[in-house]
Each structure stands twice: as C-alpha cells, then as structure tokens.
$ cat target.txt   # compact mmCIF, C-alpha atoms and all ligand atoms
# COMPACT_ATOMS: atom_id res chain seq x y z
CA MET A 1 -21.76 -31.76 9.40
CA GLU A 2 -24.46 -34.34 9.41
CA ILE A 3 -26.39 -36.12 12.12
CA GLN A 4 -26.09 -39.90 12.33
CA ASN A 5 -27.29 -42.08 15.20
CA ASN A 6 -27.98 -39.01 17.29
CA ARG A 7 -24.49 -37.60 16.80
CA TYR A 8 -23.09 -34.81 14.72
CA LEU A 9 -20.35 -36.04 12.41
CA LEU A 10 -17.75 -34.39 10.22
CA SER A 11 -16.53 -36.12 7.09
CA GLY A 12 -14.91 -39.49 7.57
CA GLY A 13 -17.13 -40.03 10.63
CA VAL A 14 -15.10 -37.79 12.94
CA ALA A 15 -17.23 -36.69 15.93
CA PRO A 16 -16.81 -33.02 16.86
CA LEU A 17 -17.86 -33.59 20.48
CA GLU A 18 -14.89 -35.93 20.85
CA LEU A 19 -12.58 -33.29 19.40
CA CYS A 20 -13.94 -30.75 21.91
CA GLU A 21 -13.32 -33.23 24.68
CA GLN A 22 -9.79 -33.93 23.51
CA TYR A 23 -8.66 -30.42 22.58
CA ASP A 24 -11.04 -28.35 24.67
CA CYS A 25 -13.12 -25.36 23.60
CA PRO A 26 -13.11 -22.89 21.97
CA LEU A 27 -11.86 -24.85 18.98
CA TYR A 28 -11.61 -24.25 15.25
CA VAL A 29 -12.01 -27.36 13.10
CA TYR A 30 -11.49 -27.53 9.33
CA ASP A 31 -12.70 -30.31 7.08
CA SER A 32 -10.38 -30.90 4.12
CA ALA A 33 -13.04 -32.79 2.15
CA ILE A 34 -15.03 -29.56 1.77
CA ILE A 35 -11.97 -27.64 0.57
CA GLU A 36 -11.35 -30.36 -2.01
CA ARG A 37 -14.97 -30.28 -3.12
CA GLN A 38 -14.87 -26.52 -3.64
CA ILE A 39 -11.64 -26.65 -5.66
CA LYS A 40 -13.14 -29.34 -7.85
CA ARG A 41 -16.28 -27.28 -8.38
CA MET A 42 -14.19 -24.41 -9.67
CA LYS A 43 -12.05 -26.62 -11.89
CA ASP A 44 -15.15 -28.19 -13.39
CA ALA A 45 -16.96 -24.88 -13.83
CA PHE A 46 -14.32 -23.08 -15.87
CA THR A 47 -13.68 -24.76 -19.18
CA VAL A 48 -10.71 -22.85 -20.55
CA LYS A 49 -7.34 -24.10 -21.82
CA LYS A 50 -5.40 -22.63 -18.92
CA LEU A 51 -7.00 -22.11 -15.51
CA LYS A 52 -5.17 -21.07 -12.37
CA ILE A 53 -6.79 -20.90 -8.94
CA ASN A 54 -4.75 -18.90 -6.47
CA TYR A 55 -6.03 -19.40 -2.95
CA ALA A 56 -6.36 -16.01 -1.21
CA CYS A 57 -4.66 -17.12 1.95
CA LYS A 58 -5.61 -14.20 4.18
CA ALA A 59 -8.85 -16.14 4.71
CA LEU A 60 -7.03 -18.89 6.62
CA THR A 61 -3.25 -19.05 6.85
CA ASN A 62 -2.46 -22.08 8.94
CA ILE A 63 0.63 -23.57 7.28
CA ASN A 64 -1.06 -26.97 7.03
CA ILE A 65 -3.96 -25.46 5.12
CA LEU A 66 -1.42 -23.87 2.78
CA ARG A 67 0.33 -27.22 2.30
CA LEU A 68 -3.01 -28.89 1.64
CA MET A 69 -3.81 -26.26 -1.00
CA ASN A 70 -0.39 -26.78 -2.58
CA GLN A 71 -1.03 -30.52 -2.67
CA LEU A 72 -4.42 -29.90 -4.28
CA GLY A 73 -2.74 -27.86 -7.01
CA THR A 74 -3.74 -24.29 -6.25
CA GLY A 75 -1.45 -21.30 -6.38
CA LEU A 76 -1.47 -18.63 -3.71
CA ASP A 77 -2.72 -15.05 -3.55
CA THR A 78 -0.85 -13.08 -0.90
CA VAL A 79 -1.35 -9.53 0.34
CA SER A 80 1.72 -9.06 2.53
CA ILE A 81 5.37 -10.03 2.50
CA GLN A 82 4.66 -12.24 5.52
CA GLU A 83 1.96 -14.20 3.69
CA LEU A 84 4.37 -14.57 0.81
CA LYS A 85 7.02 -16.00 3.15
CA LEU A 86 4.46 -18.40 4.62
CA GLY A 87 3.64 -19.54 1.10
CA ILE A 88 7.29 -20.20 0.28
CA LYS A 89 7.70 -22.04 3.59
CA ALA A 90 4.63 -24.13 2.78
CA GLY A 91 6.32 -25.25 -0.43
CA PHE A 92 4.69 -23.14 -3.14
CA ARG A 93 6.91 -22.35 -6.11
CA PRO A 94 7.44 -18.59 -6.40
CA GLU A 95 5.82 -18.53 -9.84
CA ASP A 96 2.68 -19.97 -8.27
CA ILE A 97 2.41 -17.06 -5.84
CA ILE A 98 0.92 -13.69 -6.70
CA TYR A 99 1.57 -10.76 -4.40
CA THR A 100 -1.32 -8.27 -4.40
CA PRO A 101 -0.67 -5.68 -1.74
CA ASN A 102 -2.42 -2.38 -1.23
CA CYS A 103 -0.80 0.78 0.08
CA VAL A 104 2.54 -0.87 0.86
CA SER A 105 5.91 0.73 0.32
CA LEU A 106 8.02 0.25 -2.80
CA GLU A 107 10.61 -1.36 -0.50
CA GLU A 108 8.22 -4.17 0.40
CA ILE A 109 7.35 -4.71 -3.26
CA GLU A 110 11.06 -4.92 -4.06
CA LYS A 111 11.53 -7.53 -1.35
CA ALA A 112 8.66 -9.56 -2.79
CA MET A 113 10.11 -9.26 -6.28
CA LYS A 114 13.37 -10.81 -5.13
CA TYR A 115 11.48 -14.01 -4.26
CA GLY A 116 10.47 -14.30 -7.90
CA VAL A 117 6.73 -14.18 -7.27
CA LYS A 118 4.20 -12.47 -9.52
CA ILE A 119 3.88 -8.81 -8.59
CA ASN A 120 0.51 -7.10 -8.82
CA ILE A 121 0.72 -3.31 -8.70
CA ASP A 122 -2.30 -1.24 -7.76
CA ASN A 123 -1.01 2.32 -7.84
CA ILE A 124 0.16 4.32 -10.83
CA PHE A 125 2.89 6.10 -8.91
CA ILE A 126 4.39 2.78 -7.78
CA LEU A 127 4.06 1.40 -11.31
CA GLU A 128 6.06 4.34 -12.61
CA GLN A 129 8.83 3.90 -10.03
CA PHE A 130 8.91 0.15 -10.43
CA GLY A 131 9.07 0.52 -14.22
CA GLN A 132 12.03 2.87 -14.00
CA LYS A 133 13.95 0.62 -11.65
CA TYR A 134 13.03 -2.84 -12.99
CA PRO A 135 11.85 -2.51 -16.59
CA ASN A 136 12.66 -6.17 -17.22
CA HIS A 137 10.57 -7.59 -14.41
CA PRO A 138 7.09 -8.47 -15.67
CA VAL A 139 4.21 -7.17 -13.57
CA CYS A 140 0.49 -7.47 -13.25
CA VAL A 141 -1.64 -4.33 -13.05
CA ARG A 142 -4.63 -4.17 -10.74
CA ILE A 143 -7.42 -2.32 -12.49
CA ASN A 144 -10.32 -0.71 -10.68
CA PRO A 145 -13.31 -1.27 -12.95
CA HIS A 146 -15.56 0.99 -10.83
CA ILE A 147 -18.16 -1.61 -10.21
CA MET A 148 -20.32 -1.39 -7.14
CA ALA A 149 -20.35 -4.91 -5.84
CA GLY A 150 -19.88 -6.80 -2.63
CA GLY A 151 -22.01 -7.72 0.33
CA ASN A 152 -21.25 -4.64 2.43
CA THR A 153 -19.19 -1.46 2.32
CA LYS A 154 -16.21 -3.01 4.12
CA ILE A 155 -15.82 -5.74 1.54
CA SER A 156 -16.79 -3.77 -1.55
CA VAL A 157 -13.46 -2.73 -3.02
CA GLY A 158 -13.95 -2.09 -6.74
CA HIS A 159 -16.13 1.01 -6.71
CA ILE A 160 -15.09 4.51 -7.74
CA ASP A 161 -14.11 5.76 -4.27
CA SER A 162 -12.18 2.63 -3.45
CA LYS A 163 -8.52 2.80 -2.49
CA PHE A 164 -7.84 -0.34 -4.52
CA GLY A 165 -6.47 -0.56 -8.03
CA ILE A 166 -5.66 1.77 -10.89
CA SER A 167 -8.76 3.28 -12.45
CA PHE A 168 -9.46 2.01 -15.94
CA HIS A 169 -9.73 5.68 -16.90
CA GLN A 170 -6.00 5.91 -16.19
CA LEU A 171 -5.12 3.52 -19.01
CA PRO A 172 -3.47 6.31 -21.05
CA HIS A 173 -1.21 6.96 -18.08
CA VAL A 174 -0.42 3.26 -17.69
CA LYS A 175 0.49 3.12 -21.38
CA ARG A 176 2.73 6.16 -21.01
CA VAL A 177 4.58 4.42 -18.15
CA ILE A 178 4.99 1.31 -20.31
CA GLU A 179 6.24 3.29 -23.30
CA THR A 180 8.74 5.37 -21.38
CA THR A 181 10.10 2.62 -19.13
CA GLY A 182 9.79 -0.45 -21.33
CA LEU A 183 7.94 -2.20 -18.52
CA GLN A 184 6.41 -5.53 -19.45
CA VAL A 185 2.82 -6.00 -18.29
CA SER A 186 2.10 -9.72 -18.24
CA GLY A 187 -1.10 -9.70 -16.24
CA LEU A 188 -4.29 -7.76 -15.66
CA HIS A 189 -6.25 -8.07 -12.47
CA MET A 190 -9.44 -6.93 -10.84
CA HIS A 191 -11.02 -7.78 -7.52
CA THR A 192 -14.30 -6.05 -6.92
CA GLY A 193 -15.23 -7.33 -3.51
CA SER A 194 -16.75 -10.18 -1.59
CA ASP A 195 -20.20 -11.67 -1.83
CA ILE A 196 -20.99 -10.99 -5.48
CA LEU A 197 -24.07 -12.82 -6.61
CA ASP A 198 -24.50 -11.70 -10.13
CA ALA A 199 -22.62 -13.23 -13.08
CA ASP A 200 -23.25 -9.97 -14.92
CA VAL A 201 -21.03 -8.10 -12.47
CA PHE A 202 -18.15 -10.37 -13.38
CA LEU A 203 -18.98 -10.18 -17.05
CA SER A 204 -19.07 -6.39 -17.15
CA GLY A 205 -15.79 -6.31 -15.21
CA ALA A 206 -14.39 -8.81 -17.71
CA GLU A 207 -15.31 -6.58 -20.65
CA ILE A 208 -13.47 -3.69 -19.03
CA LEU A 209 -10.35 -5.83 -18.63
CA PHE A 210 -10.65 -7.12 -22.22
CA ASN A 211 -10.79 -3.54 -23.50
CA ILE A 212 -7.57 -2.78 -21.69
CA ALA A 213 -6.01 -6.09 -22.73
CA ARG A 214 -6.46 -5.20 -26.39
CA GLU A 215 -3.94 -2.42 -25.88
CA LEU A 216 -1.33 -4.54 -24.07
CA PRO A 217 0.43 -7.06 -26.30
CA ASP A 218 2.51 -8.98 -23.71
CA LEU A 219 -0.22 -10.44 -21.54
CA GLU A 220 -0.01 -13.98 -20.21
CA TYR A 221 -2.90 -13.99 -17.76
CA ILE A 222 -6.04 -12.18 -16.72
CA ASP A 223 -7.06 -12.44 -13.08
CA PHE A 224 -10.70 -11.86 -12.22
CA GLY A 225 -10.09 -11.87 -8.48
CA SER A 226 -12.81 -13.33 -6.36
CA GLY A 227 -15.92 -12.39 -4.47
CA PHE A 228 -17.89 -15.59 -4.73
CA LYS A 229 -20.63 -15.77 -2.16
CA VAL A 230 -21.12 -18.98 -0.20
CA PRO A 231 -24.33 -20.00 1.58
CA TYR A 232 -24.56 -19.10 5.27
CA LYS A 233 -27.66 -21.13 6.02
CA PRO A 234 -29.66 -23.90 4.34
CA ASN A 235 -31.17 -22.64 1.07
CA ASP A 236 -29.27 -19.36 1.31
CA ILE A 237 -28.45 -17.47 -1.87
CA SER A 238 -24.92 -18.01 -3.19
CA THR A 239 -22.85 -17.49 -6.32
CA ASP A 240 -23.87 -20.05 -8.92
CA ILE A 241 -20.30 -20.98 -9.81
CA GLU A 242 -21.36 -23.46 -12.50
CA ASP A 243 -23.43 -20.82 -14.31
CA LEU A 244 -20.74 -18.19 -13.84
CA GLY A 245 -18.11 -20.62 -15.09
CA GLU A 246 -20.02 -21.34 -18.25
CA LYS A 247 -20.59 -17.66 -19.06
CA ILE A 248 -17.08 -16.46 -18.24
CA SER A 249 -15.43 -19.40 -20.01
CA THR A 250 -17.34 -18.78 -23.24
CA ARG A 251 -16.46 -15.11 -23.23
CA PHE A 252 -12.85 -15.74 -22.18
CA ASN A 253 -12.28 -18.32 -24.92
CA GLU A 254 -13.67 -15.89 -27.50
CA PHE A 255 -11.36 -13.21 -26.25
CA CYS A 256 -8.30 -15.48 -26.41
CA THR A 257 -9.08 -16.20 -30.06
CA GLU A 258 -9.32 -12.49 -30.75
CA TYR A 259 -6.13 -11.77 -28.78
CA GLY A 260 -4.29 -14.52 -30.62
CA ARG A 261 -2.95 -16.33 -27.56
CA ASP A 262 -4.23 -18.71 -24.91
CA LEU A 263 -4.15 -16.56 -21.82
CA THR A 264 -4.42 -18.08 -18.38
CA LEU A 265 -7.71 -17.39 -16.63
CA MET A 266 -6.97 -16.75 -12.97
CA PHE A 267 -9.11 -16.48 -9.88
CA GLU A 268 -8.18 -15.90 -6.27
CA PRO A 269 -10.93 -17.23 -4.05
CA GLY A 270 -10.59 -17.20 -0.29
CA LYS A 271 -14.04 -17.56 1.18
CA PHE A 272 -15.28 -19.89 -1.56
CA LEU A 273 -12.58 -22.46 -0.79
CA VAL A 274 -12.49 -22.43 3.01
CA SER A 275 -15.55 -20.74 4.55
CA GLU A 276 -17.81 -23.79 4.63
CA ALA A 277 -14.92 -26.08 5.57
CA GLY A 278 -14.59 -24.46 9.00
CA TYR A 279 -16.53 -24.86 12.25
CA PHE A 280 -16.02 -23.06 15.49
CA PHE A 281 -16.99 -24.93 18.65
CA VAL A 282 -17.61 -23.13 21.91
CA LYS A 283 -18.90 -24.17 25.31
CA VAL A 284 -21.86 -22.54 26.99
CA ASN A 285 -20.77 -20.96 30.26
CA VAL A 286 -24.08 -19.50 31.37
CA VAL A 287 -27.72 -19.44 30.39
CA LYS A 288 -29.09 -16.15 31.60
CA GLN A 289 -32.72 -15.13 31.55
CA THR A 290 -33.35 -11.37 31.59
CA ILE A 291 -36.68 -9.56 31.33
CA SER A 292 -36.75 -9.80 27.56
CA THR A 293 -34.22 -12.37 26.46
CA VAL A 294 -32.60 -15.68 27.17
CA PHE A 295 -28.87 -15.31 26.68
CA ALA A 296 -26.53 -18.19 26.03
CA GLY A 297 -23.12 -16.90 27.11
CA VAL A 298 -20.22 -18.85 25.64
CA ASP A 299 -16.49 -19.21 26.34
CA SER A 300 -15.48 -17.02 23.41
CA GLY A 301 -16.25 -13.63 21.94
CA LEU A 302 -15.29 -11.03 19.37
CA ASN A 303 -11.67 -11.85 20.17
CA HIS A 304 -12.06 -15.19 18.38
CA LEU A 305 -14.81 -14.61 15.86
CA ILE A 306 -15.35 -10.99 15.01
CA ARG A 307 -17.30 -11.27 11.77
CA PRO A 308 -20.78 -10.95 13.30
CA MET A 309 -19.76 -7.74 15.09
CA PHE A 310 -17.52 -6.35 12.34
CA TYR A 311 -19.55 -7.13 9.23
CA ASP A 312 -22.93 -8.17 10.65
CA SER A 313 -22.16 -11.58 9.22
CA TYR A 314 -24.55 -14.40 9.81
CA HIS A 315 -23.12 -17.62 11.21
CA GLN A 316 -25.50 -20.48 11.66
CA ILE A 317 -25.38 -21.80 15.21
CA GLU A 318 -26.40 -25.24 16.47
CA ASN A 319 -26.36 -26.92 19.84
CA ILE A 320 -24.46 -30.07 18.92
CA SER A 321 -24.76 -31.55 22.39
CA LYS A 322 -28.40 -32.33 21.68
CA THR A 323 -29.62 -33.51 18.33
CA GLU A 324 -33.27 -33.60 19.36
CA GLY A 325 -35.68 -32.26 21.92
CA LYS A 326 -37.56 -29.04 22.32
CA THR A 327 -36.12 -25.84 20.95
CA ARG A 328 -35.98 -22.39 22.54
CA ILE A 329 -35.02 -18.95 21.32
CA TYR A 330 -31.63 -17.62 22.43
CA THR A 331 -29.39 -14.66 21.92
CA VAL A 332 -25.87 -16.07 21.78
CA VAL A 333 -23.26 -13.76 23.25
CA GLY A 334 -19.58 -13.82 24.11
CA TYR A 335 -17.66 -13.20 27.32
CA ILE A 336 -15.90 -10.01 26.22
CA CYS A 337 -16.48 -6.87 28.24
CA GLU A 338 -18.37 -5.04 25.56
CA THR A 339 -21.33 -6.07 23.51
CA ASP A 340 -20.32 -9.08 21.45
CA THR A 341 -23.41 -10.72 20.10
CA PHE A 342 -22.94 -13.70 17.83
CA GLY A 343 -26.58 -14.18 16.94
CA ILE A 344 -29.99 -12.89 17.96
CA ASN A 345 -33.17 -14.95 18.21
CA ARG A 346 -31.57 -18.27 17.33
CA LYS A 347 -33.63 -21.37 17.66
CA LEU A 348 -31.50 -23.98 19.43
CA THR A 349 -32.32 -27.27 21.09
CA GLU A 350 -32.66 -26.35 24.73
CA VAL A 351 -29.30 -25.15 25.98
CA GLN A 352 -27.75 -26.15 29.26
CA GLU A 353 -24.53 -24.96 30.74
CA GLY A 354 -21.69 -27.09 29.39
CA ASP A 355 -23.36 -27.71 26.03
CA ILE A 356 -21.28 -27.25 22.91
CA LEU A 357 -22.45 -24.81 20.24
CA ALA A 358 -21.17 -25.00 16.68
CA PHE A 359 -20.75 -21.97 14.44
CA TYR A 360 -20.83 -22.71 10.72
CA ASN A 361 -18.85 -20.98 7.97
CA ALA A 362 -15.93 -20.52 10.35
CA GLY A 363 -13.18 -21.28 7.84
CA ALA A 364 -12.67 -17.86 6.27
CA TYR A 365 -11.71 -14.67 8.09
CA CYS A 366 -12.33 -16.19 11.49
CA PHE A 367 -9.14 -17.49 13.07
CA THR A 368 -7.07 -15.09 10.94
CA MET A 369 -8.91 -12.17 12.51
CA ALA A 370 -8.65 -13.51 16.06
CA SER A 371 -6.88 -11.45 18.71
CA ASN A 372 -5.83 -11.59 22.34
CA TYR A 373 -8.33 -8.94 23.41
CA ASN A 374 -9.15 -9.26 27.13
CA SER A 375 -5.85 -11.18 27.33
CA ARG A 376 -7.58 -14.35 26.28
CA PHE A 377 -5.73 -17.11 24.48
CA ARG A 378 -6.45 -17.64 20.82
CA PRO A 379 -8.10 -21.02 20.16
CA ALA A 380 -6.53 -24.25 18.96
CA GLU A 381 -7.09 -25.42 15.38
CA VAL A 382 -7.72 -28.96 14.16
CA LEU A 383 -7.71 -30.34 10.62
CA VAL A 384 -9.94 -33.28 9.75
CA HIS A 385 -8.37 -35.09 6.81
CA GLU A 386 -9.25 -38.49 5.37
CA GLY A 387 -11.05 -39.65 8.49
CA LYS A 388 -8.42 -38.47 10.96
CA ALA A 389 -8.18 -35.36 13.12
CA TYR A 390 -4.88 -33.53 13.50
CA LEU A 391 -4.05 -30.70 15.86
CA ILE A 392 -2.60 -27.97 13.62
CA ARG A 393 -2.29 -25.16 16.15
CA GLN A 394 -1.96 -25.37 19.90
CA ARG A 395 -4.03 -23.22 22.15
CA GLU A 396 -2.02 -20.30 23.45
CA THR A 397 -0.66 -20.00 26.97
CA MET A 398 0.35 -17.16 29.31
CA GLU A 399 3.78 -17.25 27.67
CA ASP A 400 2.20 -16.28 24.36
CA ILE A 401 0.38 -13.40 26.02
CA LEU A 402 3.62 -12.09 27.52
CA ARG A 403 5.82 -12.84 24.51
CA ASN A 404 7.58 -9.73 23.21
CA GLN A 405 6.61 -7.68 26.22
CA VAL A 406 9.61 -6.04 27.80
CA ASP A 407 10.02 -6.15 31.59
CA LEU A 408 11.26 -2.70 32.56
CA PRO A 409 13.67 -2.81 35.50
CA ILE A 410 12.34 0.58 36.66
CA PHE A 411 9.17 -1.15 37.84
CA GLU A 412 9.83 -3.60 40.64
CA PRO A 413 8.08 -6.88 39.92
CA GLN A 414 5.62 -7.28 42.80
CA ASN A 415 4.73 -10.85 42.32
CA VAL A 416 7.17 -12.99 40.41
CA GLU A 417 4.96 -16.03 40.66
CA GLY A 418 2.45 -14.42 38.25
C1 LIG B 1 -9.35 -10.83 0.04
C2 LIG B 1 -8.99 -10.94 -1.36
C3 LIG B 1 -9.47 -12.02 -2.12
C4 LIG B 1 -10.39 -13.08 -1.58
O1 LIG B 1 -11.70 -12.66 -1.44
P1 LIG B 1 -12.85 -13.71 -1.00
O2 LIG B 1 -14.07 -12.91 -0.92
O3 LIG B 1 -12.44 -14.30 0.29
O4 LIG B 1 -12.89 -14.76 -2.04
C5 LIG B 1 -9.05 -12.10 -3.42
N1 LIG B 1 -8.22 -11.18 -3.96
C6 LIG B 1 -7.75 -10.14 -3.26
C7 LIG B 1 -6.83 -9.17 -3.90
C8 LIG B 1 -8.13 -9.98 -1.95
O5 LIG B 1 -7.66 -8.94 -1.26

$ encode --input "target.txt" --output "structure tokens" --more "lines below"
Ligand SMILES: *Cc1c(COP(=O)(O)O)cnc(C)c1O
Amino acid sequence: MEIQNNRYLLSGGVAPLELCEQYDCPLYVYDSAIIERQIKRMKDAFTVKKLKINYACKALTNINILRLMNQLGTGLDTVSIQELKLGIKAGFRPEDIIYTPNCVSLEEIEKAMKYGVKINIDNIFILEQFGQKYPNHPVCVRINPHIMAGGNTKISVGHIDSKFGISFHQLPHVKRVIETTGLQVSGLHMHTGSDILDADVFLSGAEILFNIARELPDLEYIDFGSGFKVPYKPNDISTDIEDLGEKISTRFNEFCTEYGRDLTLMFEPGKFLVSEAGYFFVKVNVVKQTISTVFAGVDSGLNHLIRPMFYDSYHQIENISKTEGKTRIYTVVGYICETDTFGINRKLTEVQEGDILAFYNAGAYCFTMASNYNSRFRPAEVLVHEGKAYLIRQRETMEDILRNQVDLPIFEPQNVEG
C-alpha cells in the first residue's frame, strides 16, 4: 500500500477504506499485482532450461487465487486430497499438480494417484507398498537432508528429528525398494522449512539431492521445496532470491550436464508468492487505558489471524484511517476470550474507536488458518485485480456456524427463533 493525497491506496488506485465500507470489517484483501511481481522475480532469478514453480496452496486456497496462479503459469503443490481436488476444480492440469502429503494413509495416496497428479512419497514403508502395487506409476521421493533451517521450530521441517521425508541415510533402502519392485523414481524433493535466509542452506541441501540423483537414472525433476523468507517490515531481512537464483542455477546447470539430461528445477513457494499480497483490515472497537498500557481492541482475534499467537509472527500494523498526526504506543489485541495479542508497543497514529487498522503480510497462512472459535464468522475476502476489487468470499452467517450440526430430537428446542 502507498499513501497518496492523504489516502492509503492498493495497486490500481483502489482505496482500502472504501472496501471496508462496502464489505465491512474484518476483511482480507489480496492484491494480484504483488503476486504477479513475485512470480516474475522467481522466473527471472532462476536461469535454467526448465523451471517449474508450484504454488504451495495451503498458504491461501481461495479458488480465485488458484485460478489466478493457473493463469500466471504456475503449477500447484498440494498437501491433501482436498487441496488436490480444489486444484483440479480451479483448472490445473493433473500433471501440473504435485501431491506432497505427510502421514496420510496409502488409501489417500492411491486416490490422488488416480487423478494423474505427481505423487511425492515421504515414508519408506509407503514407498515399498506403493512400489509393490503400482511399479509403473512414477513417483517423487521426499528426502530429509537433515538440515536445521527455518524461522522457528514449528516451521523447521528438514532436521534430523523431523517427521518429514525419508532420511538421505536411507538411500540404500530406497534403492532396494526400486530394485525389487521396479518402481520408477522420476523426482527428488526436499523442503527444509520456512524462513530460510541463507543461500548456503539451499546449496548444501542441493548437494545432498545431487548425490542421491547420481544413483537414480530415471529422474525428470528435482524439487527444492521452499522456505523463502519475505520482509515483515520496512528494511527487514529476507531471502535474496536473485542471489539465490544465480547460485542455484549455476550449480543446477552443471549438474544437468553431468547427469546427461535437462532436469526440471522445481520450487514450491507459498509465503513468497502471497504473503505480501495480503492485507487484513479490522475495526477498532475500544481504546482501553490500563495502568501500564493503552490497548487497541479490534473486531477480530486469533480466530482470524493466529500467526502472532501461534508462531510469534510479526505483522506490521498501521492505522489507515489517519495518514498523519501524532503517534502513540498501543498494544493491539483481539476480542477472543483468552489472550490474543496481535502486537505489543506499536506506534500508530492516534487511534480512535471506529478507526481501521491494517495488518500487513496477511496473504499466507492467515485466512487458511482462520476458525470459528467463539462462534465468530470467518471474514470476507476481496481480490484487487487490474484496478478493480472483487468479492471472492462472502462473510459467514449463522447458517454457516450451524451447518453440519445435528439437531437431536431428544432435546426440546427452547427457542426456535434463535
Ligand atoms: C508448506 C509447504 C511449502 C511452502 O512453504 P512456504 O514457506 O510457504 O514457502 C512448500 N512445500 C511443502 C511440502 C510444504 O509443506
């Protein structure tokens, strides 16, 4: 967002305050221009013959976002059969979808296979069973390179104690499964976690995959997962994708020459593509001065945006109702009946009840982690695209809260009006 003539504006000159007026708060808004920019950055950064970017859709699964990604030429990384079905519904070709589940049943993997998507297997026992049943169906193998990376323990998934992937020390076992079943391994994959800053982490992971690749003759692609860190505030540290792209591309091209085939270099970014594209707008219900703190209490909480409470994530907050004037220090909290603090000691232009606060970086893992806790409705979502704003999800209603609940006749309804 930028400020022009005393107003905050999204791309194409769309005014968020008008969207809040029209669609009410709390409201998620996504700016497609930022998604496009991020895809272009990746395409420009990686100079290899074959590059495939599979959007990790668990970050943000609105079907219109999926369709936009499809239009922009990405594939899709899915972690559940439901995400896979959403991808198909959004128009992705099965071969452009990779299914990377963890700890799911063989039955679910078989269902996914029938859609013709790429199957990524992260467990040696499943690999063995799959190989015996479907030796002719090519698979990808998720390798755990035992790299300690990622911004915090919840999002660090490639280390030695992690439940994800097949340890690279188990390669002899993987080869035994291939030899005895005739299974064709067409892809290798790693995903070490989120918020990786260091190109060297990727490069050392890459070397581990290359070592394994040398022993597997049928490969078509190598997938380096994701974990790119985006900035959370002005001048924040972030993954230098251009630098990373240069280093990985050089090494990848060398490896392809050695391997004797142009493999596809794959990535599956979630956060990198959508985090900065999203904003979450809330209305201030109360300003409450206690002995030590001034609280700004807003019409939302951990039910809508749980990252600050779950991961200690930082989301920049601004009072977009006032672009200038004196600032004060606030602790921004939600309305949920337990501690749900969005941000402590935030400098905001003086807040009055009814003002609209904007949370930045609300595109990834925000709406998709929202719940109905406290029986609140989940927010509406809006997409800003080429200068226009489109409602892409309606706010919920009481019907949504009651949907799927079964009225037992043994309890007399006391008040049918509700
Ligand atoms: C979540 C996930 C991603 C995306 O991670 P980001 O940090 O959002 O880029 C990629 N690959 C797999 C297998 C994942 O589970």

$ atom_distance --input "target.txt" --atom1 "atom CA of A:Glu324" --atom2 "atom CA of A:Leu302"
28.9 Å

$ atom_distance --input "target.txt" --atom1 "atom CA of A:Gly116" --atom2 "atom CA of A:Pro94"
5.5 Å

$ residues_around --input "target.txt" --residues "A:Val104" --least-positions-apart "6" --cutoff "10 Å" --atoms "all atoms listed in the file" --output "PyMOL selection string"
chain A and resi 79-81+122-123+126

$ closest_residue --input "target.txt" --among "A:Leu357, A:Ala213, A:Ala90, A:Ala199" --to "A:Glu246" --atoms "all atoms listed in the file"
A:Ala199

$ residues_near_ligand --input "target.txt" --ligand "ligand LIG 1 (chain B)" --cutoff "9 Å" --atoms "only C-alpha atoms and all ligand atoms" --output "JSON list (two decimals) with C-alpha atoms, in the coordinates of the input"
[["chain", "number", "residue", "atom", "x", "y", "z"],
["A", 54, "ASN", "CA", -4.75, -18.90, -6.47],
["A", 55, "TYR", "CA", -6.03, -19.40, -2.95],
["A", 56, "ALA", "CA", -6.36, -16.01, -1.21],
["A", 57, "CYS", "CA", -4.66, -17.12, 1.95],
["A", 58, "LYS", "CA", -5.61, -14.20, 4.18],
["A", 59, "ALA", "CA", -8.85, -16.14, 4.71],
["A", 77, "ASP", "CA", -2.72, -15.05, -3.55],
["A", 78, "THR", "CA", -0.85, -13.08, -0.90],
["A", 79, "VAL", "CA", -1.35, -9.53, 0.34],
["A", 99, "TYR", "CA", 1.57, -10.76, -4.40],
["A", 100, "THR", "CA", -1.32, -8.27, -4.40],
["A", 101, "PRO", "CA", -0.67, -5.68, -1.74],
["A", 102, "ASN", "CA", -2.42, -2.38, -1.23],
["A", 142, "ARG", "CA", -4.63, -4.17, -10.74],
["A", 150, "GLY", "CA", -19.88, -6.80, -2.63],
["A", 155, "ILE", "CA", -15.82, -5.74, 1.54],
["A", 157, "VAL", "CA", -13.46, -2.73, -3.02],
["A", 164, "PHE", "CA", -7.84, -0.34, -4.52],
["A", 189, "HIS", "CA", -6.25, -8.07, -12.47],
["A", 190, "MET", "CA", -9.44, -6.93, -10.84],
["A", 191, "HIS", "CA", -11.02, -7.78, -7.52],
["A", 192, "THR", "CA", -14.30, -6.05, -6.92],
["A", 193, "GLY", "CA", -15.23, -7.33, -3.51],
["A", 194, "SER", "CA", -16.75, -10.18, -1.59],
["A", 195, "ASP", "CA", -20.20, -11.67, -1.83],
["A", 196, "ILE", "CA", -20.99, -10.99, -5.48],
["A", 224, "PHE", "CA", -10.70, -11.86, -12.22],
["A", 225, "GLY", "CA", -10.09, -11.87, -8.48],
["A", 226, "SER", "CA", -12.81, -13.33, -6.36],
["A", 227, "GLY", "CA", -15.92, -12.39, -4.47],
["A", 228, "PHE", "CA", -17.89, -15.59, -4.73],
["A", 229, "LYS", "CA", -20.63, -15.77, -2.16],
["A", 267, "PHE", "CA", -9.11, -16.48, -9.88],
["A", 268, "GLU", "CA", -8.18, -15.90, -6.27],
["A", 269, "PRO", "CA", -10.93, -17.23, -4.05],
["A", 270, "GLY", "CA", -10.59, -17.20, -0.29],
["A", 271, "LYS", "CA", -14.04, -17.56, 1.18],
["A", 272, "PHE", "CA", -15.28, -19.89, -1.56],
["A", 273, "LEU", "CA", -12.58, -22.46, -0.79],
["A", 274, "VAL", "CA", -12.49, -22.43, 3.01],
["A", 275, "SER", "CA", -15.55, -20.74, 4.55],
["A", 364, "ALA", "CA", -12.67, -17.86, 6.27],
["A", 365, "TYR", "CA", -11.71, -14.67, 8.09]]

$ closest_residue --input "target.txt" --among "A:Met398, A:Val282, A:Val230, A:Ile329" --to "A:Tyr314" --atoms "all atoms listed in the file"
A:Val230

$ closest_residue --input "target.txt" --among "A:Gly325, A:Gly278, A:Gly87, A:Gly387" --to "A:Tyr232" --atoms "all atoms listed in the file"
A:Gly278

$ closest_residue --input "target.txt" --among "A:Asp243, A:Leu383, A:Gln405, A:Phe168" --to "A:Ile208" --atoms "all atoms listed in the file"
A:Phe168

$ closest_residue --input "target.txt" --among "A:Cys20, A:Gln352, A:Arg41, A:Val406" --to "A:Asp240" --atoms "only C-alpha atoms"
A:Arg41

$ closest_residue --input "target.txt" --among "A:Tyr30, A:Ala45, A:Leu183, A:Ile401" --to "A:Leu244" --atoms "all atoms listed in the file"
A:Ala45
